[in-house]
$ cat my_file-v4.pdb   # PDB, C-alpha atoms
ATOM      1  CA  MET A  88      94.274 -79.722 -14.254  1.00  0.00           C
ATOM      2  CA  LEU A  89      92.642 -77.364 -16.740  1.00  0.00           C
ATOM      3  CA  GLY A  90      90.201 -79.175 -18.915  1.00  0.00           C
ATOM      4  CA  ARG A  91      89.844 -82.146 -16.556  1.00  0.00           C
ATOM      5  CA  LYS A  92      86.247 -83.232 -16.570  1.00  0.00           C
ATOM      6  CA  ILE A  93      84.891 -84.010 -13.140  1.00  0.00           C
ATOM      7  CA  PRO A  94      82.461 -86.921 -13.309  1.00  0.00           C
ATOM      8  CA  ALA A  95      78.965 -86.463 -11.972  1.00  0.00           C
ATOM      9  CA  ILE A  96      78.280 -87.945  -8.575  1.00  0.00           C
ATOM     10  CA  LYS A  97      75.470 -90.460  -8.875  1.00  0.00           C
ATOM     11  CA  ALA A  98      72.953 -90.488  -6.091  1.00  0.00           C
ATOM     12  CA  GLY A  99      71.940 -93.535  -4.145  1.00  0.00           C
ATOM     13  CA  PRO A 100      68.511 -93.853  -2.601  1.00  0.00           C
ATOM     14  CA  LYS A 101      67.034 -90.437  -1.863  1.00  0.00           C
ATOM     15  CA  PRO A 102      65.245 -89.989   1.451  1.00  0.00           C
ATOM     16  CA  PHE A 103      61.844 -88.294   1.236  1.00  0.00           C
ATOM     17  CA  GLY A 104      62.077 -88.066  -2.557  1.00  0.00           C
ATOM     18  CA  LEU A 105      64.709 -85.296  -2.512  1.00  0.00           C
ATOM     19  CA  LEU A 106      66.035 -84.622  -5.967  1.00  0.00           C
ATOM     20  CA  THR A 107      69.746 -85.076  -6.406  1.00  0.00           C
ATOM     21  CA  LEU A 108      71.484 -81.739  -6.622  1.00  0.00           C
ATOM     22  CA  LEU A 109      74.801 -81.667  -8.369  1.00  0.00           C
ATOM     23  CA  MET A 110      76.385 -78.424  -9.363  1.00  0.00           C
ATOM     24  CA  LEU A 111      79.846 -78.309 -10.835  1.00  0.00           C
ATOM     25  CA  VAL A 112      81.321 -74.854 -10.737  1.00  0.00           C
ATOM     26  CA  CYS A 113      83.706 -74.834 -13.647  1.00  0.00           C
ATOM     27  CA  ILE A 114      82.896 -71.501 -15.264  1.00  0.00           C
ATOM     28  CA  ALA A 115      86.068 -69.454 -15.631  1.00  0.00           C
ATOM     29  CA  SER A 116      84.401 -66.205 -14.643  1.00  0.00           C
ATOM     30  CA  VAL A 117      82.767 -67.642 -11.510  1.00  0.00           C
ATOM     31  CA  SER A 118      84.875 -69.110  -8.752  1.00  0.00           C
ATOM     32  CA  ILE A 119      83.225 -69.876  -5.444  1.00  0.00           C
ATOM     33  CA  SER A 120      85.770 -70.500  -2.732  1.00  0.00           C
ATOM     34  CA  VAL A 121      85.602 -71.515   0.862  1.00  0.00           C
ATOM     35  CA  SER A 122      84.246 -68.529   2.698  1.00  0.00           C
ATOM     36  CA  ALA A 123      83.492 -67.595   6.237  1.00  0.00           C
ATOM     37  CA  MET A 124      80.729 -69.766   7.620  1.00  0.00           C
ATOM     38  CA  ASP A 125      80.467 -69.247  11.357  1.00  0.00           C
ATOM     39  CA  LEU A 126      80.894 -72.572  13.118  1.00  0.00           C
ATOM     40  CA  LEU A 127      81.301 -73.881  16.625  1.00  0.00           C
ATOM     41  CA  MET A 128      83.575 -76.740  17.554  1.00  0.00           C
ATOM     42  CA  LEU A 129      81.853 -79.344  19.723  1.00  0.00           C
ATOM     43  CA  SER A 130      83.733 -77.809  22.656  1.00  0.00           C
ATOM     44  CA  GLY A 131      81.895 -74.518  21.982  1.00  0.00           C
ATOM     45  CA  LYS A 132      84.980 -72.728  20.635  1.00  0.00           C
ATOM     46  CA  LYS A 133      84.411 -70.533  17.555  1.00  0.00           C
ATOM     47  CA  SER A 134      85.709 -71.573  14.150  1.00  0.00           C
ATOM     48  CA  SER A 135      84.869 -71.047  10.486  1.00  0.00           C
ATOM     49  CA  LEU A 136      84.709 -73.164   7.362  1.00  0.00           C
ATOM     50  CA  GLU A 137      87.676 -71.385   5.817  1.00  0.00           C
ATOM     51  CA  ASP A 138      89.805 -72.276   8.877  1.00  0.00           C
ATOM     52  CA  LEU A 139      89.200 -75.983   8.231  1.00  0.00           C
ATOM     53  CA  HIS A 140      90.286 -76.169   4.617  1.00  0.00           C
ATOM     54  CA  LYS A 141      93.785 -77.435   3.871  1.00  0.00           C
ATOM     55  CA  SER A 142      95.240 -75.834   0.752  1.00  0.00           C
ATOM     56  CA  ASN A 143      96.848 -79.033  -0.536  1.00  0.00           C
ATOM     57  CA  MET A 144      93.818 -81.303  -0.075  1.00  0.00           C
ATOM     58  CA  TRP A 145      90.330 -81.897  -1.277  1.00  0.00           C
ATOM     59  CA  THR A 146      87.802 -81.094   1.457  1.00  0.00           C
ATOM     60  CA  LEU A 147      84.498 -82.944   1.596  1.00  0.00           C
ATOM     61  CA  VAL A 148      81.978 -81.306   3.921  1.00  0.00           C
ATOM     62  CA  MET A 149      79.280 -83.729   5.050  1.00  0.00           C
ATOM     63  CA  VAL A 150      76.214 -81.800   6.203  1.00  0.00           C
ATOM     64  CA  TRP A 151      74.179 -84.053   8.484  1.00  0.00           C
ATOM     65  CA  SER A 152      71.479 -83.749  11.140  1.00  0.00           C
ATOM     66  CA  LEU A 153      70.487 -85.523  14.321  1.00  0.00           C
ATOM     67  CA  ASP A 154      67.253 -86.926  12.877  1.00  0.00           C
ATOM     68  CA  CYS A 155      68.705 -88.104   9.549  1.00  0.00           C
ATOM     69  CA  VAL A 156      68.678 -91.898   9.174  1.00  0.00           C
ATOM     70  CA  ALA A 157      70.491 -91.769   5.830  1.00  0.00           C
ATOM     71  CA  CYS A 158      73.240 -89.660   7.456  1.00  0.00           C
ATOM     72  CA  GLU A 159      73.823 -92.305  10.122  1.00  0.00           C
ATOM     73  CA  GLU A 160      74.034 -94.954   7.400  1.00  0.00           C
ATOM     74  CA  GLN A 161      76.544 -92.827   5.435  1.00  0.00           C
ATOM     75  CA  LYS A 162      78.827 -91.919   8.352  1.00  0.00           C
ATOM     76  CA  PRO A 163      80.802 -95.212   8.417  1.00  0.00           C
ATOM     77  CA  VAL A 164      81.482 -94.949   4.662  1.00  0.00           C
ATOM     78  CA  ILE A 165      82.491 -91.290   4.875  1.00  0.00           C
ATOM     79  CA  ASP A 166      84.528 -91.920   8.039  1.00  0.00           C
ATOM     80  CA  ARG A 167      86.498 -94.696   6.319  1.00  0.00           C
ATOM     81  CA  PHE A 168      87.070 -92.449   3.280  1.00  0.00           C
ATOM     82  CA  HIS A 169      88.468 -89.787   5.639  1.00  0.00           C
ATOM     83  CA  GLN A 170      90.656 -92.311   7.438  1.00  0.00           C
ATOM     84  CA  ASP A 171      92.111 -93.591   4.168  1.00  0.00           C
ATOM     85  CA  HIS A 172      92.715 -90.135   2.643  1.00  0.00           C
ATOM     86  CA  HIS A 173      93.384 -87.594   5.414  1.00  0.00           C
ATOM     87  CA  LEU A 174      97.156 -88.080   5.384  1.00  0.00           C
ATOM     88  CA  SER A 175      97.451 -87.759   1.619  1.00  0.00           C
ATOM     89  CA  ASN A 176      94.912 -85.992  -0.567  1.00  0.00           C
ATOM     90  CA  ALA A 177      91.479 -85.460   1.042  1.00  0.00           C
ATOM     91  CA  GLN A 178      89.812 -84.745   4.341  1.00  0.00           C
ATOM     92  CA  VAL A 179      86.240 -84.844   5.593  1.00  0.00           C
ATOM     93  CA  VAL A 180      84.628 -82.242   7.821  1.00  0.00           C
ATOM     94  CA  GLY A 181      81.246 -82.900   9.424  1.00  0.00           C
ATOM     95  CA  LEU A 182      78.696 -80.136   9.799  1.00  0.00           C
ATOM     96  CA  ALA A 183      75.596 -80.819  11.927  1.00  0.00           C
ATOM     97  CA  SER A 184      72.933 -78.583  10.409  1.00  0.00           C
ATOM     98  CA  ASP A 185      70.783 -78.688  13.551  1.00  0.00           C
ATOM     99  CA  GLY A 186      72.399 -75.455  14.710  1.00  0.00           C
ATOM    100  CA  ASP A 187      74.095 -74.208  17.834  1.00  0.00           C
ATOM    101  CA  GLN A 188      71.023 -74.660  20.038  1.00  0.00           C
ATOM    102  CA  PHE A 189      71.647 -78.425  19.663  1.00  0.00           C
ATOM    103  CA  LEU A 190      75.395 -78.284  20.347  1.00  0.00           C
ATOM    104  CA  ILE A 191      75.164 -80.554  23.409  1.00  0.00           C
ATOM    105  CA  GLU A 192      73.059 -83.157  21.586  1.00  0.00           C
ATOM    106  CA  VAL A 193      75.405 -83.121  18.578  1.00  0.00           C
ATOM    107  CA  ALA A 194      78.443 -83.535  20.855  1.00  0.00           C
ATOM    108  CA  GLN A 195      76.731 -86.449  22.630  1.00  0.00           C
ATOM    109  CA  ARG A 196      75.931 -88.135  19.295  1.00  0.00           C
ATOM    110  CA  VAL A 197      79.517 -87.808  18.110  1.00  0.00           C
ATOM    111  CA  ASN A 198      80.860 -89.039  21.458  1.00  0.00           C
ATOM    112  CA  ASN A 199      78.499 -92.034  21.444  1.00  0.00           C
ATOM    113  CA  ARG A 200      79.320 -92.929  17.847  1.00  0.00           C
ATOM    114  CA  PRO A 201      82.905 -91.691  17.405  1.00  0.00           C
ATOM    115  CA  LEU A 202      84.024 -90.449  14.023  1.00  0.00           C
ATOM    116  CA  ARG A 203      87.583 -89.829  12.929  1.00  0.00           C
ATOM    117  CA  PHE A 204      86.685 -86.637  11.093  1.00  0.00           C
ATOM    118  CA  LYS A 205      86.002 -83.455  13.020  1.00  0.00           C
ATOM    119  CA  ASN A 206      82.465 -82.213  13.393  1.00  0.00           C
ATOM    120  CA  TYR A 207      81.156 -78.701  13.835  1.00  0.00           C
ATOM    121  CA  VAL A 208      77.847 -76.928  14.310  1.00  0.00           C
ATOM    122  CA  PRO A 209      76.901 -73.803  12.338  1.00  0.00           C
ATOM    123  CA  ARG A 210      75.357 -70.742  13.926  1.00  0.00           C
ATOM    124  CA  THR A 211      71.610 -71.254  13.647  1.00  0.00           C
ATOM    125  CA  GLU A 212      70.816 -67.679  12.657  1.00  0.00           C
ATOM    126  CA  SER A 213      73.295 -67.552   9.765  1.00  0.00           C
ATOM    127  CA  PHE A 214      73.578 -71.102   8.379  1.00  0.00           C
ATOM    128  CA  GLU A 215      71.057 -70.926   5.536  1.00  0.00           C
ATOM    129  CA  ALA A 216      72.254 -67.515   4.313  1.00  0.00           C
ATOM    130  CA  GLU A 217      75.911 -68.608   4.434  1.00  0.00           C
ATOM    131  CA  TYR A 218      75.086 -71.890   2.670  1.00  0.00           C
ATOM    132  CA  LEU A 219      73.307 -69.912  -0.071  1.00  0.00           C
ATOM    133  CA  GLN A 220      76.292 -67.559  -0.372  1.00  0.00           C
ATOM    134  CA  ILE A 221      78.766 -70.440  -0.708  1.00  0.00           C
ATOM    135  CA  THR A 222      76.739 -72.700  -3.022  1.00  0.00           C
ATOM    136  CA  GLY A 223      74.344 -70.390  -4.828  1.00  0.00           C
ATOM    137  CA  LYS A 224      71.542 -72.794  -3.831  1.00  0.00           C
ATOM    138  CA  LYS A 225      69.052 -72.983  -0.968  1.00  0.00           C
ATOM    139  CA  PHE A 226      69.709 -75.672   1.607  1.00  0.00           C
ATOM    140  CA  HIS A 227      67.220 -78.545   1.155  1.00  0.00           C
ATOM    141  CA  GLY A 228      68.136 -81.253   3.650  1.00  0.00           C
ATOM    142  CA  THR A 229      70.554 -83.889   4.771  1.00  0.00           C
ATOM    143  CA  PRO A 230      72.753 -85.557   3.886  1.00  0.00           C
ATOM    144  CA  THR A 231      74.288 -82.915   1.683  1.00  0.00           C
ATOM    145  CA  TYR A 232      77.889 -82.826   0.524  1.00  0.00           C
ATOM    146  CA  LEU A 233      80.069 -79.894  -0.501  1.00  0.00           C
ATOM    147  CA  LEU A 234      83.308 -80.695  -2.288  1.00  0.00           C
ATOM    148  CA  PHE A 235      86.167 -78.181  -2.374  1.00  0.00           C
ATOM    149  CA  LYS A 236      89.247 -78.872  -4.449  1.00  0.00           C
ATOM    150  CA  PRO A 237      92.731 -78.039  -3.169  1.00  0.00           C
ATOM    151  CA  GLY A 238      92.921 -74.264  -3.004  1.00  0.00           C
ATOM    152  CA  GLY A 239      89.370 -73.970  -1.711  1.00  0.00           C
ATOM    153  CA  GLU A 240      87.244 -73.722  -4.850  1.00  0.00           C
ATOM    154  CA  LEU A 241      83.798 -75.312  -4.571  1.00  0.00           C
ATOM    155  CA  VAL A 242      83.439 -77.893  -7.335  1.00  0.00           C
ATOM    156  CA  GLY A 243      80.360 -79.821  -6.293  1.00  0.00           C
ATOM    157  CA  VAL A 244      77.203 -79.837  -4.206  1.00  0.00           C
ATOM    158  CA  HIS A 245      75.271 -83.067  -3.798  1.00  0.00           C
ATOM    159  CA  ALA A 246      72.099 -83.808  -1.836  1.00  0.00           C
ATOM    160  CA  GLY A 247      71.501 -87.441  -0.981  1.00  0.00           C
ATOM    161  CA  THR A 248      73.682 -90.429  -0.293  1.00  0.00           C
ATOM    162  CA  LEU A 249      77.019 -91.139  -1.975  1.00  0.00           C
ATOM    163  CA  GLU A 250      78.969 -94.231  -2.851  1.00  0.00           C
ATOM    164  CA  ARG A 251      82.619 -94.214  -1.850  1.00  0.00           C
ATOM    165  CA  GLN A 252      83.729 -95.043  -5.388  1.00  0.00           C
ATOM    166  CA  GLU A 253      82.101 -91.832  -6.619  1.00  0.00           C
ATOM    167  CA  LEU A 254      84.376 -89.859  -4.294  1.00  0.00           C
ATOM    168  CA  GLU A 255      87.424 -91.910  -5.300  1.00  0.00           C
ATOM    169  CA  ASP A 256      86.666 -91.192  -8.974  1.00  0.00           C
ATOM    170  CA  ILE A 257      86.914 -87.456  -8.278  1.00  0.00           C
ATOM    171  CA  VAL A 258      89.725 -87.092  -5.725  1.00  0.00           C
ATOM    172  CA  GLY A 259      91.709 -90.149  -6.769  1.00  0.00           C
ATOM    173  CA  PRO A 260      92.838 -93.062  -4.671  1.00  0.00           C
ATOM    174  CA  ALA A 261      94.442 -92.531  -1.288  1.00  0.00           C
ATOM    175  CA  GLU A 262      98.190 -92.292  -1.567  1.00  0.00           C
ATOM    176  CA  THR A 263     100.133 -94.747   0.508  1.00  0.00           C
ATOM    177  CA  ILE A 264     102.150 -92.973   3.160  1.00  0.00           C
ATOM    178  CA  LEU A 265     105.156 -95.042   4.097  1.00  0.00           C
ATOM    179  CA  THR A 266     106.263 -94.775   7.686  1.00  0.00           C
ATOM    180  CA  PRO A 267     109.263 -96.548   9.145  1.00  0.00           C
ATOM    181  CA  SER A 268     108.405 -99.645  11.103  1.00  0.00           C
ATOM    182  CA  ALA A 269     109.568-100.020  14.690  1.00  0.00           C
ATOM    183  CA  ASP A 270     112.164-102.556  13.525  1.00  0.00           C
ATOM    184  CA  LEU A 271     113.786-100.036  11.188  1.00  0.00           C
ATOM    185  CA  ILE A 272     114.006 -97.382  13.887  1.00  0.00           C
ATOM    186  CA  ARG A 273     115.888 -99.583  16.364  1.00  0.00           C
TER     187      ARG A 273
END

$ encode --input "my_file-v4.pdb" --output "structure tokens"
Amino acid sequence: MLGRKIPAIKAGPKPFGLLTLLMLVCIASVSISVSAMDLLMLSGKKSSLEDLHKSNMWTLVMVWSLDCVACEEQKPVIDRFHQDHHLSNAQVVGLASDGDQFLIEVAQRVNNRPLRFKNYVPRTESFEAEYLQITGKKFHGTPTYLLFKPGGELVGVHAGTLERQELEDIVGPAETILTPSADLIR
């Protein structure tokens, strides 16, 4: 994989005139990996970002918020991407940036509009500092995407909407997982 150029992710419409942020961390001397970001599962149980990463898969973290219209428009696209890839080469993790004081509201939103990818809430008091530590950039708004390659290295940060094809161009197409049909098992 050395020398593979990762294409830039093009932004779609940008809410509130946010500039598209895309940072590719490909400098040999600097490697930012998944680190401890304190999270809560929607059940209230503690977790961390590093606990969610699978070493053999790309991990796309979708940072969203309760009041983000663009996030709601993106969720079906990102959910379908997760559904198509989670058994082969990529997974999606949702992160509601509203913070732990809105845990109940976030859980209600996810329950009312079910998603197939898991969603978490960061600790309010530490989110921005941990985001800065992981990305090297201040958090500007939602939707924001963090892309970690297999092994946990951060390779991209993107603010604004994404097209599915842009993700496919980076992580590759979903691999077909063959499972025996019921007729073959009998």

$ closest_residue --input "my_file-v4.pdb" --among "A:Arg196, A:Leu233, A:Asp171, A:Gly239" --to "Asp138 (chain A)" --atoms "all atoms listed in the file"
A:Gly239

$ closest_residue --input "my_file-v4.pdb" --among "A:Gln170, A:Lys236, A:Ala183, A:Val193" --to "Ser130 (chain A)" --atoms "all atoms listed in the file"
A:Val193

$ resolve_selection --input "my_file-v4.pdb" --expression "the PyMOL selection byres ((chain A and resi 151) around 9)" --output "MDAnalysis selection string"
chainID A and resid 149:150 152:155 157:159 181:185 228:232

$ atom_distance --input "my_file-v4.pdb" --atom1 "CA of Asp125 (chain A)" --atom2 "CA of Gly186 (chain A)"
10.7 Å

$ closest_residue --input "my_file-v4.pdb" --among "A:Glu262, A:Glu240, A:Glu250, A:Asp256" --to "Glu137 (chain A)" --atoms "only C-alpha atoms"
A:Glu240

$ atom_distance --input "my_file-v4.pdb" --atom1 "CA of Asn143 (chain A)" --atom2 "CA of Gly238 (chain A)"
6.7 Å

$ atom_distance --input "my_file-v4.pdb" --atom1 "CA of Phe214 (chain A)" --atom2 "CA of His227 (chain A)"
12.2 Å

$ closest_residue --input "my_file-v4.pdb" --among "A:Pro237, A:Pro260, A:Gly131, A:Pro201" --to "Leu147 (chain A)" --atoms "all atoms listed in the file"
A:Pro237

$ residues_around --input "my_file-v4.pdb" --residues "Pro163 (chain A)" --least-positions-apart "5" --cutoff "10 Å" --atoms "all atoms listed in the file" --output "JSON, numbers by chain"
{"A": [158, 168, 169, 200, 201, 202, 203]}

$ decode --input "my_file-v4.pdb" --residues "region 171-184 of chain A" --atoms "all heavy atoms" --output "PDB file, in the first residue's frame"
ATOM      1  N   ASP A 171     -23.509  -2.376   3.331  1.00  0.00           N
ATOM      2  CA  ASP A 171     -22.849  -3.068   2.225  1.00  0.00           C
ATOM      3  C   ASP A 171     -21.412  -3.480   2.541  1.00  0.00           C
ATOM      4  O   ASP A 171     -20.897  -4.417   1.945  1.00  0.00           O
ATOM      5  CB  ASP A 171     -22.846  -2.184   0.971  1.00  0.00           C
ATOM      6  CG  ASP A 171     -24.236  -2.004   0.386  1.00  0.00           C
ATOM      7  OD1 ASP A 171     -25.168  -2.754   0.773  1.00  0.00           O
ATOM      8  OD2 ASP A 171     -24.402  -1.096  -0.442  1.00  0.00           O
ATOM      9  N   HIS A 172     -20.748  -2.788   3.471  1.00  0.00           N
ATOM     10  CA  HIS A 172     -19.325  -3.018   3.716  1.00  0.00           C
ATOM     11  C   HIS A 172     -18.986  -3.679   5.052  1.00  0.00           C
ATOM     12  O   HIS A 172     -17.880  -4.197   5.195  1.00  0.00           O
ATOM     13  CB  HIS A 172     -18.564  -1.685   3.645  1.00  0.00           C
ATOM     14  CG  HIS A 172     -18.420  -1.157   2.264  1.00  0.00           C
ATOM     15  ND1 HIS A 172     -17.314  -1.381   1.488  1.00  0.00           N
ATOM     16  CD2 HIS A 172     -19.267  -0.411   1.508  1.00  0.00           C
ATOM     17  CE1 HIS A 172     -17.466  -0.798   0.324  1.00  0.00           C
ATOM     18  NE2 HIS A 172     -18.646  -0.195   0.301  1.00  0.00           N
ATOM     19  N   HIS A 173     -19.865  -3.653   6.028  1.00  0.00           N
ATOM     20  CA  HIS A 173     -19.459  -4.028   7.396  1.00  0.00           C
ATOM     21  C   HIS A 173     -19.026  -5.482   7.563  1.00  0.00           C
ATOM     22  O   HIS A 173     -18.337  -5.804   8.526  1.00  0.00           O
ATOM     23  CB  HIS A 173     -20.554  -3.677   8.408  1.00  0.00           C
ATOM     24  CG  HIS A 173     -21.683  -4.642   8.481  1.00  0.00           C
ATOM     25  ND1 HIS A 173     -22.718  -4.646   7.568  1.00  0.00           N
ATOM     26  CD2 HIS A 173     -21.930  -5.629   9.357  1.00  0.00           C
ATOM     27  CE1 HIS A 173     -23.560  -5.615   7.888  1.00  0.00           C
ATOM     28  NE2 HIS A 173     -23.106  -6.221   8.961  1.00  0.00           N
ATOM     29  N   LEU A 174     -19.386  -6.341   6.642  1.00  0.00           N
ATOM     30  CA  LEU A 174     -18.941  -7.736   6.726  1.00  0.00           C
ATOM     31  C   LEU A 174     -17.645  -7.986   5.959  1.00  0.00           C
ATOM     32  O   LEU A 174     -17.092  -9.073   6.028  1.00  0.00           O
ATOM     33  CB  LEU A 174     -20.028  -8.681   6.207  1.00  0.00           C
ATOM     34  CG  LEU A 174     -21.310  -8.738   7.039  1.00  0.00           C
ATOM     35  CD1 LEU A 174     -22.338  -9.642   6.377  1.00  0.00           C
ATOM     36  CD2 LEU A 174     -21.016  -9.202   8.456  1.00  0.00           C
ATOM     37  N   SER A 175     -17.171  -6.960   5.235  1.00  0.00           N
ATOM     38  CA  SER A 175     -15.979  -7.193   4.423  1.00  0.00           C
ATOM     39  C   SER A 175     -14.827  -6.239   4.699  1.00  0.00           C
ATOM     40  O   SER A 175     -13.788  -6.657   5.196  1.00  0.00           O
ATOM     41  CB  SER A 175     -16.353  -7.160   2.931  1.00  0.00           C
ATOM     42  OG  SER A 175     -16.898  -5.907   2.565  1.00  0.00           O
ATOM     43  N   ASN A 176     -14.983  -4.948   4.408  1.00  0.00           N
ATOM     44  CA  ASN A 176     -13.796  -4.098   4.464  1.00  0.00           C
ATOM     45  C   ASN A 176     -13.962  -2.744   5.146  1.00  0.00           C
ATOM     46  O   ASN A 176     -12.988  -2.005   5.271  1.00  0.00           O
ATOM     47  CB  ASN A 176     -13.240  -3.879   3.045  1.00  0.00           C
ATOM     48  CG  ASN A 176     -14.193  -3.096   2.166  1.00  0.00           C
ATOM     49  OD1 ASN A 176     -15.381  -2.976   2.452  1.00  0.00           O
ATOM     50  ND2 ASN A 176     -13.680  -2.583   1.069  1.00  0.00           N
ATOM     51  N   ALA A 177     -15.160  -2.373   5.578  1.00  0.00           N
ATOM     52  CA  ALA A 177     -15.335  -1.052   6.199  1.00  0.00           C
ATOM     53  C   ALA A 177     -16.545  -1.063   7.126  1.00  0.00           C
ATOM     54  O   ALA A 177     -17.507  -1.792   6.905  1.00  0.00           O
ATOM     55  CB  ALA A 177     -15.508   0.025   5.133  1.00  0.00           C
ATOM     56  N   GLN A 178     -16.458  -0.237   8.148  1.00  0.00           N
ATOM     57  CA  GLN A 178     -17.573  -0.066   9.061  1.00  0.00           C
ATOM     58  C   GLN A 178     -17.782   1.421   9.306  1.00  0.00           C
ATOM     59  O   GLN A 178     -16.884   2.227   9.103  1.00  0.00           O
ATOM     60  CB  GLN A 178     -17.309  -0.763  10.392  1.00  0.00           C
ATOM     61  CG  GLN A 178     -16.193  -0.122  11.186  1.00  0.00           C
ATOM     62  CD  GLN A 178     -16.074  -0.648  12.596  1.00  0.00           C
ATOM     63  OE1 GLN A 178     -16.975  -1.289  13.108  1.00  0.00           O
ATOM     64  NE2 GLN A 178     -14.957  -0.365  13.243  1.00  0.00           N
ATOM     65  N   VAL A 179     -18.990   1.761   9.744  1.00  0.00           N
ATOM     66  CA  VAL A 179     -19.309   3.134  10.102  1.00  0.00           C
ATOM     67  C   VAL A 179     -19.646   3.167  11.584  1.00  0.00           C
ATOM     68  O   VAL A 179     -20.290   2.260  12.110  1.00  0.00           O
ATOM     69  CB  VAL A 179     -20.511   3.667   9.288  1.00  0.00           C
ATOM     70  CG1 VAL A 179     -20.923   5.061   9.760  1.00  0.00           C
ATOM     71  CG2 VAL A 179     -20.184   3.667   7.796  1.00  0.00           C
ATOM     72  N   VAL A 180     -19.186   4.215  12.244  1.00  0.00           N
ATOM     73  CA  VAL A 180     -19.512   4.465  13.640  1.00  0.00           C
ATOM     74  C   VAL A 180     -20.073   5.877  13.706  1.00  0.00           C
ATOM     75  O   VAL A 180     -19.471   6.807  13.167  1.00  0.00           O
ATOM     76  CB  VAL A 180     -18.259   4.354  14.530  1.00  0.00           C
ATOM     77  CG1 VAL A 180     -18.564   4.767  15.956  1.00  0.00           C
ATOM     78  CG2 VAL A 180     -17.690   2.937  14.491  1.00  0.00           C
ATOM     79  N   GLY A 181     -21.233   6.039  14.329  1.00  0.00           N
ATOM     80  CA  GLY A 181     -21.830   7.354  14.485  1.00  0.00           C
ATOM     81  C   GLY A 181     -21.424   7.974  15.807  1.00  0.00           C
ATOM     82  O   GLY A 181     -21.313   7.284  16.822  1.00  0.00           O
ATOM     83  N   LEU A 182     -21.211   9.277  15.784  1.00  0.00           N
ATOM     84  CA  LEU A 182     -20.809  10.006  16.977  1.00  0.00           C
ATOM     85  C   LEU A 182     -21.639  11.285  17.049  1.00  0.00           C
ATOM     86  O   LEU A 182     -21.451  12.198  16.246  1.00  0.00           O
ATOM     87  CB  LEU A 182     -19.321  10.334  16.889  1.00  0.00           C
ATOM     88  CG  LEU A 182     -18.635  10.900  18.097  1.00  0.00           C
ATOM     89  CD1 LEU A 182     -18.704   9.928  19.265  1.00  0.00           C
ATOM     90  CD2 LEU A 182     -17.183  11.197  17.760  1.00  0.00           C
ATOM     91  N   ALA A 183     -22.598  11.331  17.975  1.00  0.00           N
ATOM     92  CA  ALA A 183     -23.457  12.508  18.135  1.00  0.00           C
ATOM     93  C   ALA A 183     -22.714  13.542  18.967  1.00  0.00           C
ATOM     94  O   ALA A 183     -22.494  13.359  20.163  1.00  0.00           O
ATOM     95  CB  ALA A 183     -24.774  12.122  18.790  1.00  0.00           C
ATOM     96  N   SER A 184     -22.317  14.627  18.335  1.00  0.00           N
ATOM     97  CA  SER A 184     -21.463  15.624  18.979  1.00  0.00           C
ATOM     98  C   SER A 184     -22.184  16.467  20.031  1.00  0.00           C
ATOM     99  O   SER A 184     -21.557  17.289  20.688  1.00  0.00           O
ATOM    100  CB  SER A 184     -20.839  16.548  17.928  1.00  0.00           C
ATOM    101  OG  SER A 184     -21.856  17.301  17.284  1.00  0.00           O
TER     102      SER A 184
END
